[in-house]
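Heads up, the thing below is written out as structure tokens.
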Amino acid sequence: MTDPILDTLRTLILAAILATLLHAGARRGLDGTPGWRAIVGGFALLLCASALGTLRGLPVPLPGEGARLEPLLDLIERVVGLLGGACLLAWGLWRWLPVVAATRANQRELLRLKERYRAISATTSDLNIDAEVLPDGSLRVDWISGSLHSASGYTPDDIMTVEQWQRIVLPEDLPLLESHLAAAGAGEGRRTELRARTRDGRVLWLALATCPRREPDSPALWLTTAVRDISARKQAEADTLRSLEENRTLLRELHHRVKNNLQVITGLVELAKSRIKDADPEVVAACQDLQARIGCMALVHGQLYADGATGRVDFGLYARDLAAQTAKLHGREDTRFDLELDEVPLSLDAAVPCGLALNELLTNAFRHARPGGPGRIALTVRARGGELLVRVSDDGPGAPAEARDPASQGLRLLRNLVTLQLRGSVEFSPGPGATATMRLPLERDADAAPLPSPRP
């Protein structure tokens, strides 16, 4: 004999378990899990067997020939309900338990990865924010961690919303913050540097790096933002720029003083030349050549002083000024010039010998191009294919034989400068209309500026 009360209680417990399983499967999406339907089916069969046993245990006589169905109902209860339900439940558990174990392992691995991510982000960034972009465009912060609050004086609750960030960011940098958030909300990664004020009034430079992401099978957009305090780096950059500007100022002043000293030496040479008795033409010419050579070096330092930002000499502009200076020195300001000049940046080490070589060519042109008239001189400075071409042409009858003597001082100096120091070559074409052409290699080192295009 069975107790109807215990049978009824057992049936209710099985019904509650089955209802719980159905609810959990619908809520967590377990219907597709291997063995889950077998487990539900096993409990359903057990519930049916228990309900049938409960009905048979009631003190209600079966009408007519119902008593003959008693063995059949007993067979259904024991074999189909209890044995079938137990087998189906066991098979379902056999398939489902490995899935549960794997799920728990995955959860533990996920938790370990989250903790690792938090540890890495905490050591590489001063603040980390993970937020979800809501359909209305606002942000919902999921978690925030880091040590920035210790330097800024704010707690994590003080910087959880966009409105709170807008209050601490400097007003002039608010457009940067808004642009950063707009780009991130559109799914675009962005890096921004801006300034924020701490609770005690100090200003911090912050670097924001936001990476958008979408999780699998979810339309939601998540933003992970790393915030770093770069105030020390910005201060170091400011100190470096200030030191660099001071060095540039000192270097410009140095070039200015060198130019002035060379001009003083030129004046002393002029004073000595005026005191030469009998005005020996060779001595006067030697003094004049010395003045020209000192003047061309002073011109280099003068240009470096005028444009000390690059530390390089524009040889095209230098050639124009040198031509005018040489014409004035020889009393030939009425000379007409045909200029074709490129912007060619040269270092000080290259500009001085190039200037001295050009001075020799201009001096020869002024001395031998139409001594009795204004004359015309063509000056070309071109940069092509890593080569500097300098050409000086005049419309005179050509230099006399003694001026073309390779043993002359001017030609020796010119060839030494061009071939030995500058590793180039110089060629002369005979008059009338004598032409001298220098070809010099242009070395492009790591610090050299690229050769610009020719002037229009």
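Chains: A, B, ... in order of the structure tokens. Residues: from 1 per chain. Ligands: from 1, in order shown.
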
Give me, as a list in words, all polymer residues having an atom no more than 8 Å from Ala365 in chain A, counting only C-alpha atoms and skipping those fewer than 4 positions away in the same chain.
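Near neighbours after the sequence-gap exclusion: Leu361, Ala369, Ile377, Val392, Ser393 and Asp394 of chain A.
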
Write out as a short mmCIF file (atom, residue, chain, number, x, y, z; two decimals) with C-alpha atoms, in the first residue's frame the residues lying within 10 Å of range 34-36 of chain A, counting only C-alpha atoms and excluding same-chain residues fewer than 5 positions away.
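Listed below is the output, part-v4.cif:
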data_model
loop_
_atom_site.label_atom_id
_atom_site.label_comp_id
_atom_site.auth_asym_id
_atom_site.auth_seq_id
_atom_site.Cartn_x
_atom_site.Cartn_y
_atom_site.Cartn_z
CA LEU A 21 13.61 23.29 -16.04
CA LEU A 22 11.31 24.59 -18.77
CA GLY A 25 15.73 26.49 -20.61
CA GLY A 41 11.65 14.38 -21.27
CA GLY A 42 12.91 12.09 -18.50
CA LEU A 88 16.04 9.04 -20.59
CA LEU A 89 17.13 11.17 -17.64
CA ALA A 90 20.39 9.24 -17.28
CA TRP A 91 21.16 9.54 -20.99
CA GLY A 92 20.41 13.25 -20.93
CA LEU A 93 22.64 13.80 -17.91
CA TRP A 94 25.42 11.77 -19.56
CA ARG A 95 25.37 14.17 -22.53
CA TRP A 96 24.69 17.37 -20.58
CA LEU A 97 27.17 17.12 -17.70
CA PRO A 98 30.31 17.45 -19.92
CA VAL A 99 28.76 20.58 -21.40
#

Within 12 Å of Leu254 in chain A using only C-alpha atoms, minus same-chain residues under 2 positions, as JSON, numbers by chain
{"A": [247, 248, 249, 250, 251, 252, 256, 257, 258, 259, 260, 261, 301, 302, 304, 305, 306, 308]}

Based on the backbone DSSP call, show me all residues of range 360-392 of chain A assigned strand (DSSP E), as a PyMOL selection string.
chain A and resi 376-384+387-392

Between CA of Asp349 in chain A and CA of Gly267 in chain A, what is the spacing in Å?
25.0 Å

Please, what distance in Å, to one decimal, runs between CA of Ala86 in chain A and CA of Ser50 in chain A?
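We find that CA of Ala86 in chain A and CA of Ser50 in chain A lie 12.4 Å from each other.
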
Just to confirm, what's the straight-line distance from CA of Asn359 in chain A to CA of Ile276 in chain A in Å (one decimal)?
24.6 Å
